[in-house]
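A.B. asks: Input structure36.cif, format and content: mmCIF, N, CA and C atoms.
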```cif
data_my_file
loop_
_atom_site.group_PDB
_atom_site.id
_atom_site.type_symbol
_atom_site.label_atom_id
_atom_site.label_comp_id
_atom_site.auth_asym_id
_atom_site.auth_seq_id
_atom_site.Cartn_x
_atom_site.Cartn_y
_atom_site.Cartn_z
ATOM 1 N N MET A 2 136.755 60.711 86.467
ATOM 2 C CA MET A 2 136.851 61.873 87.317
ATOM 3 C C MET A 2 135.973 61.724 88.552
ATOM 4 N N ILE A 3 134.797 61.176 88.388
ATOM 5 C CA ILE A 3 133.892 61.016 89.529
ATOM 6 C C ILE A 3 134.513 60.114 90.588
ATOM 7 N N THR A 4 135.184 59.080 90.163
ATOM 8 C CA THR A 4 135.846 58.178 91.105
ATOM 9 C C THR A 4 136.866 58.932 91.945
ATOM 10 N N GLU A 5 137.650 59.804 91.308
ATOM 11 C CA GLU A 5 138.654 60.581 92.024
ATOM 12 C C GLU A 5 138.012 61.549 93.015
ATOM 13 N N ILE A 6 136.902 62.152 92.630
ATOM 14 C CA ILE A 6 136.198 63.064 93.532
ATOM 15 C C ILE A 6 135.668 62.295 94.739
ATOM 16 N N LEU A 7 135.063 61.141 94.494
ATOM 17 C CA LEU A 7 134.565 60.324 95.600
ATOM 18 C C LEU A 7 135.707 59.942 96.540
ATOM 19 N N GLU A 8 136.832 59.532 95.983
ATOM 20 C CA GLU A 8 137.998 59.168 96.798
ATOM 21 C C GLU A 8 138.478 60.353 97.628
ATOM 22 N N ALA A 9 138.521 61.523 97.017
ATOM 23 C CA ALA A 9 138.975 62.714 97.729
ATOM 24 C C ALA A 9 138.069 63.017 98.919
ATOM 25 N N PHE A 10 136.772 62.959 98.713
ATOM 26 C CA PHE A 10 135.830 63.253 99.785
ATOM 27 C C PHE A 10 135.834 62.168 100.854
ATOM 28 N N GLU A 11 135.930 60.926 100.441
ATOM 29 C CA GLU A 11 135.960 59.841 101.420
ATOM 30 C C GLU A 11 137.219 59.921 102.272
ATOM 31 N N THR A 12 138.333 60.295 101.661
ATOM 32 C CA THR A 12 139.585 60.442 102.397
ATOM 33 C C THR A 12 139.512 61.624 103.361
ATOM 34 N N LYS A 13 139.036 62.758 102.876
ATOM 35 C CA LYS A 13 138.990 63.965 103.706
ATOM 36 C C LYS A 13 138.034 63.828 104.881
ATOM 37 N N PHE A 14 136.869 63.240 104.649
ATOM 38 C CA PHE A 14 135.834 63.216 105.672
ATOM 39 C C PHE A 14 135.677 61.848 106.352
ATOM 40 N N ASN A 15 136.488 60.882 105.932
ATOM 41 C CA ASN A 15 136.469 59.545 106.535
ATOM 42 C C ASN A 15 135.055 58.969 106.598
ATOM 43 N N ARG A 16 134.378 59.067 105.470
ATOM 44 C CA ARG A 16 133.034 58.489 105.340
ATOM 45 C C ARG A 16 132.804 58.087 103.894
ATOM 46 N N THR A 17 131.795 57.311 103.659
ATOM 47 C CA THR A 17 131.491 56.830 102.321
ATOM 48 C C THR A 17 130.420 57.709 101.682
ATOM 49 N N PHE A 18 130.670 58.085 100.446
ATOM 50 C CA PHE A 18 129.678 58.802 99.650
ATOM 51 C C PHE A 18 129.215 57.854 98.555
ATOM 52 N N ARG A 19 127.917 57.751 98.353
ATOM 53 C CA ARG A 19 127.363 56.823 97.369
ATOM 54 C C ARG A 19 127.593 57.269 95.936
ATOM 55 N N ASN A 20 127.518 58.596 95.724
ATOM 56 C CA ASN A 20 127.647 59.109 94.365
ATOM 57 C C ASN A 20 127.928 60.605 94.397
ATOM 58 N N ILE A 21 128.180 61.170 93.245
ATOM 59 C CA ILE A 21 128.503 62.596 93.149
ATOM 60 C C ILE A 21 127.304 63.464 93.533
ATOM 61 N N GLU A 22 126.104 62.983 93.282
ATOM 62 C CA GLU A 22 124.913 63.757 93.641
ATOM 63 C C GLU A 22 124.835 63.978 95.149
ATOM 64 N N GLU A 23 125.222 62.987 95.921
ATOM 65 C CA GLU A 23 125.228 63.129 97.377
ATOM 66 C C GLU A 23 126.205 64.234 97.795
ATOM 67 N N ILE A 24 127.354 64.275 97.165
ATOM 68 C CA ILE A 24 128.335 65.321 97.457
ATOM 69 C C ILE A 24 127.788 66.678 97.035
ATOM 70 N N ARG A 25 127.188 66.753 95.869
ATOM 71 C CA ARG A 25 126.672 68.028 95.359
ATOM 72 C C ARG A 25 125.537 68.581 96.208
ATOM 73 N N GLN A 26 124.818 67.711 96.910
ATOM 74 C CA GLN A 26 123.753 68.169 97.805
ATOM 75 C C GLN A 26 124.321 68.851 99.042
ATOM 76 N N GLU A 27 125.502 68.429 99.448
ATOM 77 C CA GLU A 27 126.094 68.934 100.687
ATOM 78 C C GLU A 27 127.154 70.016 100.471
ATOM 79 N N TYR A 28 127.749 70.083 99.279
ATOM 80 C CA TYR A 28 128.877 70.981 99.046
ATOM 81 C C TYR A 28 128.690 71.764 97.752
ATOM 82 N N SER A 29 129.179 72.985 97.761
ATOM 83 C CA SER A 29 129.104 73.817 96.557
ATOM 84 C C SER A 29 130.153 73.364 95.542
ATOM 85 N N THR A 30 130.023 73.852 94.334
ATOM 86 C CA THR A 30 130.987 73.537 93.286
ATOM 87 C C THR A 30 132.386 73.975 93.689
ATOM 88 N N VAL A 31 132.490 75.145 94.285
ATOM 89 C CA VAL A 31 133.788 75.653 94.715
ATOM 90 C C VAL A 31 134.385 74.753 95.796
ATOM 91 N N GLU A 32 133.568 74.306 96.738
ATOM 92 C CA GLU A 32 134.069 73.401 97.780
ATOM 93 C C GLU A 32 134.538 72.076 97.186
ATOM 94 N N ILE A 33 133.795 71.571 96.219
ATOM 95 C CA ILE A 33 134.193 70.319 95.561
ATOM 96 C C ILE A 33 135.529 70.509 94.855
ATOM 97 N N LEU A 34 135.665 71.593 94.128
ATOM 98 C CA LEU A 34 136.927 71.889 93.443
ATOM 99 C C LEU A 34 138.063 72.005 94.450
ATOM 100 N N ASP A 35 137.848 72.736 95.522
ATOM 101 C CA ASP A 35 138.876 72.954 96.528
ATOM 102 C C ASP A 35 139.321 71.647 97.178
ATOM 103 N N ILE A 36 138.381 70.799 97.535
ATOM 104 C CA ILE A 36 138.713 69.530 98.183
ATOM 105 C C ILE A 36 139.440 68.604 97.211
ATOM 106 N N TRP A 37 139.012 68.573 95.968
ATOM 107 C CA TRP A 37 139.693 67.715 94.991
ATOM 108 C C TRP A 37 141.112 68.212 94.730
ATOM 109 N N LEU A 38 141.276 69.535 94.568
ATOM 110 C CA LEU A 38 142.614 70.081 94.359
ATOM 111 C C LEU A 38 143.529 69.758 95.541
ATOM 112 N N GLU A 39 143.010 69.922 96.744
ATOM 113 C CA GLU A 39 143.796 69.603 97.940
ATOM 114 C C GLU A 39 144.197 68.127 97.935
ATOM 115 N N TYR A 40 143.265 67.259 97.578
ATOM 116 C CA TYR A 40 143.535 65.822 97.507
ATOM 117 C C TYR A 40 144.652 65.529 96.510
ATOM 118 N N GLU A 41 144.696 66.307 95.432
ATOM 119 C CA GLU A 41 145.716 66.139 94.407
ATOM 120 C C GLU A 41 147.024 66.845 94.767
ATOM 121 N N GLY A 42 147.052 67.494 95.921
ATOM 122 C CA GLY A 42 148.264 68.159 96.372
ATOM 123 C C GLY A 42 148.412 69.594 95.909
ATOM 124 N N ILE A 43 147.323 70.153 95.414
ATOM 125 C CA ILE A 43 147.339 71.530 94.910
ATOM 126 C C ILE A 43 146.568 72.388 95.915
ATOM 127 N N VAL A 44 147.300 72.995 96.825
ATOM 128 C CA VAL A 44 146.684 73.730 97.922
ATOM 129 C C VAL A 44 146.849 75.227 97.689
ATOM 130 N N GLY A 45 145.758 75.964 97.867
ATOM 131 C CA GLY A 45 145.823 77.410 97.808
ATOM 132 C C GLY A 45 145.598 78.027 96.443
ATOM 133 N N TYR A 46 145.171 77.256 95.473
ATOM 134 C CA TYR A 46 145.000 77.782 94.116
ATOM 135 C C TYR A 46 143.550 77.838 93.647
ATOM 136 N N THR A 47 142.620 77.453 94.486
ATOM 137 C CA THR A 47 141.223 77.410 94.063
ATOM 138 C C THR A 47 140.746 78.769 93.564
ATOM 139 N N ARG A 48 140.975 79.817 94.326
ATOM 140 C CA ARG A 48 140.519 81.155 93.935
ATOM 141 C C ARG A 48 141.177 81.588 92.633
ATOM 142 N N ASN A 49 142.459 81.316 92.468
ATOM 143 C CA ASN A 49 143.144 81.685 91.219
ATOM 144 C C ASN A 49 142.530 80.959 90.028
ATOM 145 N N ILE A 50 142.211 79.691 90.197
ATOM 146 C CA ILE A 50 141.610 78.908 89.114
ATOM 147 C C ILE A 50 140.222 79.448 88.782
ATOM 148 N N ILE A 51 139.438 79.771 89.799
ATOM 149 C CA ILE A 51 138.100 80.320 89.567
ATOM 150 C C ILE A 51 138.200 81.661 88.839
ATOM 151 N N ASP A 52 139.140 82.500 89.266
ATOM 152 C CA ASP A 52 139.327 83.797 88.608
ATOM 153 C C ASP A 52 139.772 83.627 87.157
ATOM 154 N N LEU A 53 140.671 82.702 86.908
ATOM 155 C CA LEU A 53 141.122 82.429 85.539
ATOM 156 C C LEU A 53 139.961 81.968 84.669
ATOM 157 N N LEU A 54 139.149 81.059 85.186
ATOM 158 C CA LEU A 54 137.985 80.595 84.433
ATOM 159 C C LEU A 54 137.044 81.750 84.127
ATOM 160 N N GLY A 55 136.845 82.640 85.082
ATOM 161 C CA GLY A 55 135.998 83.811 84.871
ATOM 162 C C GLY A 55 136.533 84.692 83.760
ATOM 163 N N GLU A 56 137.832 84.876 83.720
ATOM 164 C CA GLU A 56 138.447 85.664 82.651
ATOM 165 C C GLU A 56 138.237 85.008 81.286
ATOM 166 N N CYS A 57 138.080 83.711 81.284
ATOM 167 C CA CYS A 57 137.819 82.957 80.037
ATOM 168 C C CYS A 57 136.314 82.805 79.796
ATOM 169 N N GLU A 58 135.530 83.505 80.599
ATOM 170 C CA GLU A 58 134.076 83.467 80.512
ATOM 171 C C GLU A 58 133.484 82.097 80.772
ATOM 172 N N VAL A 59 134.125 81.380 81.670
ATOM 173 C CA VAL A 59 133.601 80.109 82.165
ATOM 174 C C VAL A 59 133.322 80.332 83.648
ATOM 175 N N TYR A 60 132.068 80.252 84.035
ATOM 176 C CA TYR A 60 131.681 80.618 85.388
ATOM 177 C C TYR A 60 131.192 79.399 86.155
ATOM 178 N N ILE A 61 131.632 79.312 87.399
ATOM 179 C CA ILE A 61 131.126 78.262 88.269
ATOM 180 C C ILE A 61 130.364 78.894 89.426
ATOM 181 N N GLU A 62 129.350 78.199 89.827
ATOM 182 C CA GLU A 62 128.483 78.657 90.899
ATOM 183 C C GLU A 62 129.244 78.660 92.209
ATOM 184 N N GLU A 63 129.228 79.784 92.882
ATOM 185 C CA GLU A 63 129.887 79.880 94.177
ATOM 186 C C GLU A 63 128.818 79.882 95.205
#
```
Let's see the structure in the file written out as structure tokens.
C.D. replies:
Amino acid sequence: MITEILEAFETKFNRTFRNIEEIRQEYSTVEILDIWLEYEGIVGYTRNIIDLLGECEVYIEE
């Protein structure tokens, strides 16, 4: 999964990220989720996914 996240960020921002920690320092969990979903071709569903997780009592830091 980390490899896919790195690829998504490198593609979107046209730069190299050394590791997931570097991404986490610059972007929130929601931004990481949104960028990865977009990379996978799933656009516009981030808020719905976050809301669904909340209903299941799984919370992510916004």
A.B. asks: If we count all atoms listed in the file and set the cut-off at 8 Å, which residues sit around region 31-48 of chain A, ignoring sequence neighbours fewer than 2 positions away in its own chain? Please answer as a list in words.
C.D. replies: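 Contacts, in chain order: Glu5, Ile6, Glu8, Ala9, Phe10, Lys13, Ile24, Arg25, Tyr28, Ser29, Ile50, Ile51, Asp52, Leu53, Leu54, Ile61, Glu62 and Glu63 of chain A.
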A.B. asks: Please dump the current selection as a PDB file, in the frame of the given file; keep N, CA and C atoms.
C.D. replies:
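Just written: result17.pdb:
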```pdb
ATOM      1  N   GLU A   5     137.650  59.804  91.308  1.00  0.00           N
ATOM      2  CA  GLU A   5     138.654  60.581  92.024  1.00  0.00           C
ATOM      3  C   GLU A   5     138.012  61.549  93.015  1.00  0.00           C
ATOM      4  N   ILE A   6     136.902  62.152  92.630  1.00  0.00           N
ATOM      5  CA  ILE A   6     136.198  63.064  93.532  1.00  0.00           C
ATOM      6  C   ILE A   6     135.668  62.295  94.739  1.00  0.00           C
ATOM      7  N   GLU A   8     136.832  59.532  95.983  1.00  0.00           N
ATOM      8  CA  GLU A   8     137.998  59.168  96.798  1.00  0.00           C
ATOM      9  C   GLU A   8     138.478  60.353  97.628  1.00  0.00           C
ATOM     10  N   ALA A   9     138.521  61.523  97.017  1.00  0.00           N
ATOM     11  CA  ALA A   9     138.975  62.714  97.729  1.00  0.00           C
ATOM     12  C   ALA A   9     138.069  63.017  98.919  1.00  0.00           C
ATOM     13  N   PHE A  10     136.772  62.959  98.713  1.00  0.00           N
ATOM     14  CA  PHE A  10     135.830  63.253  99.785  1.00  0.00           C
ATOM     15  C   PHE A  10     135.834  62.168 100.854  1.00  0.00           C
ATOM     16  N   LYS A  13     139.036  62.758 102.876  1.00  0.00           N
ATOM     17  CA  LYS A  13     138.990  63.965 103.706  1.00  0.00           C
ATOM     18  C   LYS A  13     138.034  63.828 104.881  1.00  0.00           C
ATOM     19  N   ILE A  24     127.354  64.275  97.165  1.00  0.00           N
ATOM     20  CA  ILE A  24     128.335  65.321  97.457  1.00  0.00           C
ATOM     21  C   ILE A  24     127.788  66.678  97.035  1.00  0.00           C
ATOM     22  N   ARG A  25     127.188  66.753  95.869  1.00  0.00           N
ATOM     23  CA  ARG A  25     126.672  68.028  95.359  1.00  0.00           C
ATOM     24  C   ARG A  25     125.537  68.581  96.208  1.00  0.00           C
ATOM     25  N   TYR A  28     127.749  70.083  99.279  1.00  0.00           N
ATOM     26  CA  TYR A  28     128.877  70.981  99.046  1.00  0.00           C
ATOM     27  C   TYR A  28     128.690  71.764  97.752  1.00  0.00           C
ATOM     28  N   SER A  29     129.179  72.985  97.761  1.00  0.00           N
ATOM     29  CA  SER A  29     129.104  73.817  96.557  1.00  0.00           C
ATOM     30  C   SER A  29     130.153  73.364  95.542  1.00  0.00           C
ATOM     31  N   ILE A  50     142.211  79.691  90.197  1.00  0.00           N
ATOM     32  CA  ILE A  50     141.610  78.908  89.114  1.00  0.00           C
ATOM     33  C   ILE A  50     140.222  79.448  88.782  1.00  0.00           C
ATOM     34  N   ILE A  51     139.438  79.771  89.799  1.00  0.00           N
ATOM     35  CA  ILE A  51     138.100  80.320  89.567  1.00  0.00           C
ATOM     36  C   ILE A  51     138.200  81.661  88.839  1.00  0.00           C
ATOM     37  N   ASP A  52     139.140  82.500  89.266  1.00  0.00           N
ATOM     38  CA  ASP A  52     139.327  83.797  88.608  1.00  0.00           C
ATOM     39  C   ASP A  52     139.772  83.627  87.157  1.00  0.00           C
ATOM     40  N   LEU A  53     140.671  82.702  86.908  1.00  0.00           N
ATOM     41  CA  LEU A  53     141.122  82.429  85.539  1.00  0.00           C
ATOM     42  C   LEU A  53     139.961  81.968  84.669  1.00  0.00           C
ATOM     43  N   LEU A  54     139.149  81.059  85.186  1.00  0.00           N
ATOM     44  CA  LEU A  54     137.985  80.595  84.433  1.00  0.00           C
ATOM     45  C   LEU A  54     137.044  81.750  84.127  1.00  0.00           C
ATOM     46  N   ILE A  61     131.632  79.312  87.399  1.00  0.00           N
ATOM     47  CA  ILE A  61     131.126  78.262  88.269  1.00  0.00           C
ATOM     48  C   ILE A  61     130.364  78.894  89.426  1.00  0.00           C
ATOM     49  N   GLU A  62     129.350  78.199  89.827  1.00  0.00           N
ATOM     50  CA  GLU A  62     128.483  78.657  90.899  1.00  0.00           C
ATOM     51  C   GLU A  62     129.244  78.660  92.209  1.00  0.00           C
ATOM     52  N   GLU A  63     129.228  79.784  92.882  1.00  0.00           N
ATOM     53  CA  GLU A  63     129.887  79.880  94.177  1.00  0.00           C
ATOM     54  C   GLU A  63     128.818  79.882  95.205  1.00  0.00           C
TER      55      GLU A  63
END
```
A.B. asks: What separation in Å, quoted to one decimal, exists between atom N of Glu56 (chain A) and atom C of Gln26 (chain A)?
C.D. replies: 26.0 Å
A.B. asks: Got a sec to tell me which of chain A DSSP assigns to helix (DSSP H, G or I), as an MDAnalysis selection string?
C.D. replies: chainID A and resid 3:14 21:27 30:40 47:56
A.B. asks: Mind pulling up the distance from CA of Ile21 (chain A) to atom C of Ile3 (chain A)?
C.D. replies: 7.0 Å
A.B. asks: So how far away is CA of Met2 (chain A) from CA of Asn20 (chain A), in Å?
C.D. replies: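 Between these atoms lies a distance of 11.9 Å.
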